[in-house]
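Asker: Here it is, the structure, as structure tokens.
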Amino acid sequence: MSEAGVRERVPLSAWQPTVSGNASLGLSVIPAGKTSALRLDFDFKGGKGFVVARRDWARRMPGEYALHFRLRGRGPVNDLEIKLVDSTGRNVWRSVTKDQRPPERWKRRTIESRDIEFAWGPASGSPLTELGFIEIAVVAGEGGRGSLWIADLEIEDLTPAQAPTASASSAQPGFGAQAALGGTGWKPESSDRRPWITLDSTRPRDIGGLVIDWLGDAPLTGFRVRASNTGKRWKLVHAAARAGGARSYVYSPGLRARYLRLDLSSPGIGAILRIQSFEFSRSIDAFWYAVAKGEERGWHPRWLHREQSEWTPIGRSNGTQCALMNTDGMVEVAEGSLSLEPMLRIGRKLVTWADVESSPALEERWVPVPSVSWETAECRLTVRAQAAEDGEVRVGYRLENRTEGPLDAHLLVVVRPFQVTPPWQQFRNVGGVSRIHDLEWDGKVLRVNTALNANAALNANAALNVTPDAGARFGAMSFDDGFVASRLSSGASAGAAAA
């Protein structure tokens with residue numbers, strides 16, 4: 001690959017018109033200086049709608065890319081859309097320029113992949129990997145008649161041409177700095193009290209984040225990640241006061257830098273580092289998709305594996321309160337809020353929705369009082385939710401022993417920063433991730449996001465109360481501490497009412 005990246009031009013032949021309503025579209029190829037241009041002559045005939053020029057163009061798409069083209073034309077103000085359609089024809093990514101008046105003189109445009117959003121389709125927000133078709137659409141604003149010329153339409157591969165290099169404050173034999181980018185990993189010398197390692201991408205690039213696979217457990221004293229374009233002045237990207245688990249994820253949306261530096265305050269901690277592209281943190285939902293993909297199935301809700309689960313509302317006829325339950329027993333306690341998700345610990349085995357057969361039901365087969373039953377060889381868990389007259393949502397958990405003897409089983413109800421509905425069902429504030437900012441536990445009641453609510457007008461995410469039965473225990477972990485499911489899978493205590 002050349003230093004500037006590989007560019008591939010879209011052929012001008014075989015474009016096909018598509019219109020809505022009474023609109024018309026004529027396509028032709030015309031001279032444009034030393035090259036040619038695709039000309040779109042459109043007429044909305046006093047109405048609204050759209051006109052589209054489309055052609056097939058099968059190719060593998062890089063992880064990072066840019067669309068380049070020259071544009072000119074004449075006519076009223078309308079919206080210009082560039083659409084990329086995958087090889088199935090069912091998934092669409094697009095860039096939308098609102099209120100576009102065609103420039104009278106040629107104007108160069110560049111649209112990077114970070115500015116091309118997933119629009120619709122069963123891919124549910126996945127990055128585009130296989131292009132099947134490209135479309136140029138004019139969507140009526142003022143409507144009317146006009147002409148649009150597009151020349152030199154091409155896709156440039158922006159994948160970094162060179163692999164990053166690494167340097168460190170110290171390294172043990174066989175675990176040098178460069179080994180942090182693969183292989184054995186990097187380990188600083190045991191005498192190095194404040195070790196650091198720097199990754200150099202050779203030029204500034206879009207960085208979505210960093211995945212750190214620790215050689216052992218994450219440092220209890222935490223870590224810091226800094227970024228720089230010069231290697232002299234550094235910006236703090238992420239600070240973890242403490243850390244846990246075998247892997248850490250660093251979320252860095254909108255970061256562009258040449259250097260990344262990992263600072264540790266504990267000696268003897270080693271790691272393998274993986275720089276992530278912009279797609280890693282395109283959105284908070286995209287970030288969690290990446291996290292779930294790297295962890296065990298069942299540790300996170302089903303939709304984070306891009307799988308749809310059915311759900312039903314929990315409410316009353318007056319409509320003052322509405323919660324949701326899905327077929328995995330996950331309950332979203334208020335509109336757009338966090339959720340409660342059950343897990344079981346049977347002996348030393350963690351049991352999640354991925355390990356059981358679940359059976360959903362409605363009371364009397366129609367009343368909006370849903371329940372879900374999990375069946376295992378040892379036990380049956382029933383989750384039942386109901387909206388009370390006072391507006392509270394009450395969720396009950398019943399765990400039954402199906403064996404003939406005593407059973408070492410624990411119920412864990414996990415408070416999760418996720419809604420029941422996935423991002424592809426988003427509407428207003430509903431669907432996807434629902435952040436947890438603070439937790440307060442007084443031994444009987446768990447209050448969520450109360451500190452944040454005191455300083456801002458929020459939706460139903462704020463000041464939610466969860467009251468467990470007597471005898472329940474509580475535990476909490478921050479994101480940098482690792483995952484609840486991971487802690488339980490490793491044999492830690494299961495006695496927590498929420499985490």
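Each chain of the structure tokens is named A, B, ... in the order shown, its residues numbered from 1; ligands are numbered from 1 in display order.
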To test your reading of the structure, identify every residue in region 291-432 of chain A that backbone DSSP assigns to strand (DSSP E or B), and report it as a PyMOL selection string.
Answerer: chain A and resi 311-315+322-326+331-332+339-346+349-351+357-363+367-375+379-387+393-401+409-416+418+427+430
Asker: Mind checking which residues fall within 9 Å of Ile314 (chain A), counting only C-alpha atoms, ignoring those fewer than 2 positions away in the same chain, and posting them as a VMD selection string?
Answerer: chain A and resid 312 316 321 to 325 333 368 to 370 385 to 387 393
Asker: With N, CA and C atoms retained, could you export that selection as a CSV table (one decimal), in the first residue's frame?
Answerer:
chain,number,residue,atom,x,y,z
A,312,THR,N,-42.1,-7.8,26.1
A,312,THR,CA,-43.5,-7.4,26.3
A,312,THR,C,-43.5,-6.3,27.3
A,316,ARG,N,-50.1,-0.9,33.4
A,316,ARG,CA,-51.4,-0.8,33.9
A,316,ARG,C,-52.3,-0.1,32.8
A,321,GLN,N,-47.3,4.0,34.0
A,321,GLN,CA,-46.0,3.3,34.2
A,321,GLN,C,-45.8,2.2,33.2
A,322,CYS,N,-44.6,2.1,32.6
A,322,CYS,CA,-44.4,1.1,31.6
A,322,CYS,C,-43.0,0.6,31.8
A,323,ALA,N,-42.8,-0.7,32.0
A,323,ALA,CA,-41.6,-1.4,32.0
A,323,ALA,C,-41.6,-2.5,31.0
A,324,LEU,N,-40.4,-3.1,30.8
A,324,LEU,CA,-40.4,-4.2,29.8
A,324,LEU,C,-39.7,-5.4,30.3
A,325,MET,N,-40.1,-6.6,29.9
A,325,MET,CA,-39.4,-7.8,30.2
A,325,MET,C,-39.2,-8.6,28.9
A,333,VAL,N,-36.8,-1.5,34.1
A,333,VAL,CA,-37.7,-1.1,35.2
A,333,VAL,C,-38.5,0.1,34.9
A,368,PRO,N,-50.9,-8.1,31.1
A,368,PRO,CA,-49.5,-7.6,31.0
A,368,PRO,C,-48.8,-7.8,32.3
A,369,VAL,N,-48.8,-9.0,32.8
A,369,VAL,CA,-48.0,-9.4,34.0
A,369,VAL,C,-47.2,-10.6,33.5
A,370,PRO,N,-46.0,-10.3,32.9
A,370,PRO,CA,-45.2,-11.4,32.3
A,370,PRO,C,-44.4,-12.1,33.3
A,385,ALA,N,-43.0,-10.1,36.8
A,385,ALA,CA,-42.9,-8.7,37.0
A,385,ALA,C,-44.4,-8.1,36.9
A,386,GLN,N,-44.7,-7.1,37.7
A,386,GLN,CA,-46.0,-6.5,37.7
A,386,GLN,C,-45.9,-5.0,38.1
A,387,ALA,N,-46.7,-4.2,37.4
A,387,ALA,CA,-46.8,-2.8,37.8
A,387,ALA,C,-47.9,-2.6,38.8
A,393,VAL,N,-42.8,-0.8,39.8
A,393,VAL,CA,-42.7,-2.1,39.2
A,393,VAL,C,-42.0,-3.1,40.1
Asker: I want to know what sits within 9 Å of region 424-428 of chain A, based on only C-alpha atoms, with residues of the same chain fewer than 6 positions away left out; could you give that as a PyMOL selection string?
Answerer: chain A and resi 120-122+124-125+336
Asker: Rounded to one decimal place, report the CA of Asp285 (chain A)-CA of Gly245 (chain A) distance in Å.
Answerer: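 Atom-to-atom, CA of Asp285 (chain A) to CA of Gly245 (chain A), that is 21.7 Å.
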Asker: Which residues are close to Asn91 (chain A), i.e. within 12 Å by only C-alpha atoms, leaving aside same-chain residues fewer than 5 positions away? Reply as a PyMOL selection string.
Answerer: chain A and resi 83-86+117-134
Asker: With a distance cut-off of 9 Å and only C-alpha atoms, select the neighbouring residues of region 348-358 of chain A, excluding the residue or stretch itself and same-chain residues fewer than 3 positions from it, and output the selection as a PyMOL selection string.
Answerer: chain A and resi 297-299+301-302+327-329+342-345+372-376+408+485+488-492
Asker: For Glu404 (chain A), please output as a list in words all residues within 12 Å (counting only C-alpha atoms; exclusion window: fewer than 6 positions along the same chain).
Answerer: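 Answer for this query is Ala377, Glu378 and Cys379 of chain A.
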Asker: Can you list, as JSON, numbers by chain, all residues belonging to region 349-475 of chain A that DSSP tags as helix (DSSP H, G or I)?
Answerer: {"A": [353, 354, 355, 423, 424, 425, 450, 451, 452, 453]}
Asker: For Val211 (chain A), please output as a PDB file with N, CA and C atoms, in the first residue's frame all residues within 7 Å (counting only C-alpha atoms; exclusion window: fewer than 6 positions along the same chain).
Answerer:
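Saved result, result-v1.pdb, follows:
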ATOM      1  N   SER A 248      -8.746  -5.292  29.811  1.00  0.00           N
ATOM      2  CA  SER A 248      -9.316  -3.955  30.010  1.00  0.00           C
ATOM      3  C   SER A 248      -9.624  -3.341  28.653  1.00  0.00           C
ATOM      4  N   TYR A 249     -10.728  -2.589  28.612  1.00  0.00           N
ATOM      5  CA  TYR A 249     -11.153  -1.911  27.395  1.00  0.00           C
ATOM      6  C   TYR A 249     -11.128  -0.404  27.639  1.00  0.00           C
ATOM      7  N   VAL A 250     -10.498   0.322  26.739  1.00  0.00           N
ATOM      8  CA  VAL A 250     -10.417   1.782  26.845  1.00  0.00           C
ATOM      9  C   VAL A 250     -11.250   2.397  25.731  1.00  0.00           C
ATOM     10  N   LEU A 273      -1.078  -5.253  23.815  1.00  0.00           N
ATOM     11  CA  LEU A 273      -1.897  -4.080  23.500  1.00  0.00           C
ATOM     12  C   LEU A 273      -2.405  -4.154  22.069  1.00  0.00           C
ATOM     13  N   ARG A 274      -3.674  -3.780  21.877  1.00  0.00           N
ATOM     14  CA  ARG A 274      -4.275  -3.768  20.547  1.00  0.00           C
ATOM     15  C   ARG A 274      -4.965  -2.424  20.311  1.00  0.00           C
ATOM     16  N   ILE A 275      -4.402  -1.605  19.434  1.00  0.00           N
ATOM     17  CA  ILE A 275      -5.027  -0.338  19.068  1.00  0.00           C
ATOM     18  C   ILE A 275      -6.263  -0.631  18.228  1.00  0.00           C
TER      19      ILE A 275
END
Asker: Which value, in Å to one decimal, gives the distance between CA of Glu112 (chain A) and CA of Glu64 (chain A)?
Answerer: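 These atoms are spaced 7.9 Å apart.
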Asker: For each of A:Ala292, A:Val77, A:Leu220, A:Ala257, take the minimum atom-to-atom distance to Lys235 (chain A), counting only C-alpha atoms, then give the residue where this is smallest.
Answerer: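 Closest residue, counting only C-alpha atoms: A:Ala257.
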Asker: Which one of A:His305, A:Arg435, A:Arg247, A:Arg203 sits closest to Phe483 (chain A) if you count only C-alpha atoms?
Answerer: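 Using only C-alpha atoms, the shortest distance to Phe483 (chain A) belongs to A:Arg247.
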Asker: CA of Val415 (chain A) to CA of Leu381 (chain A): how many Å, to one decimal?
Answerer: 17.7 Å
Asker: Of the candidates A:Pro423, A:Arg365, A:Glu296, A:Thr230, which shows the shortest atom-to-atom distance to Ser283 (chain A), using only C-alpha atoms?
Answerer: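 Closest to Ser283 (chain A), using only C-alpha atoms: A:Pro423.
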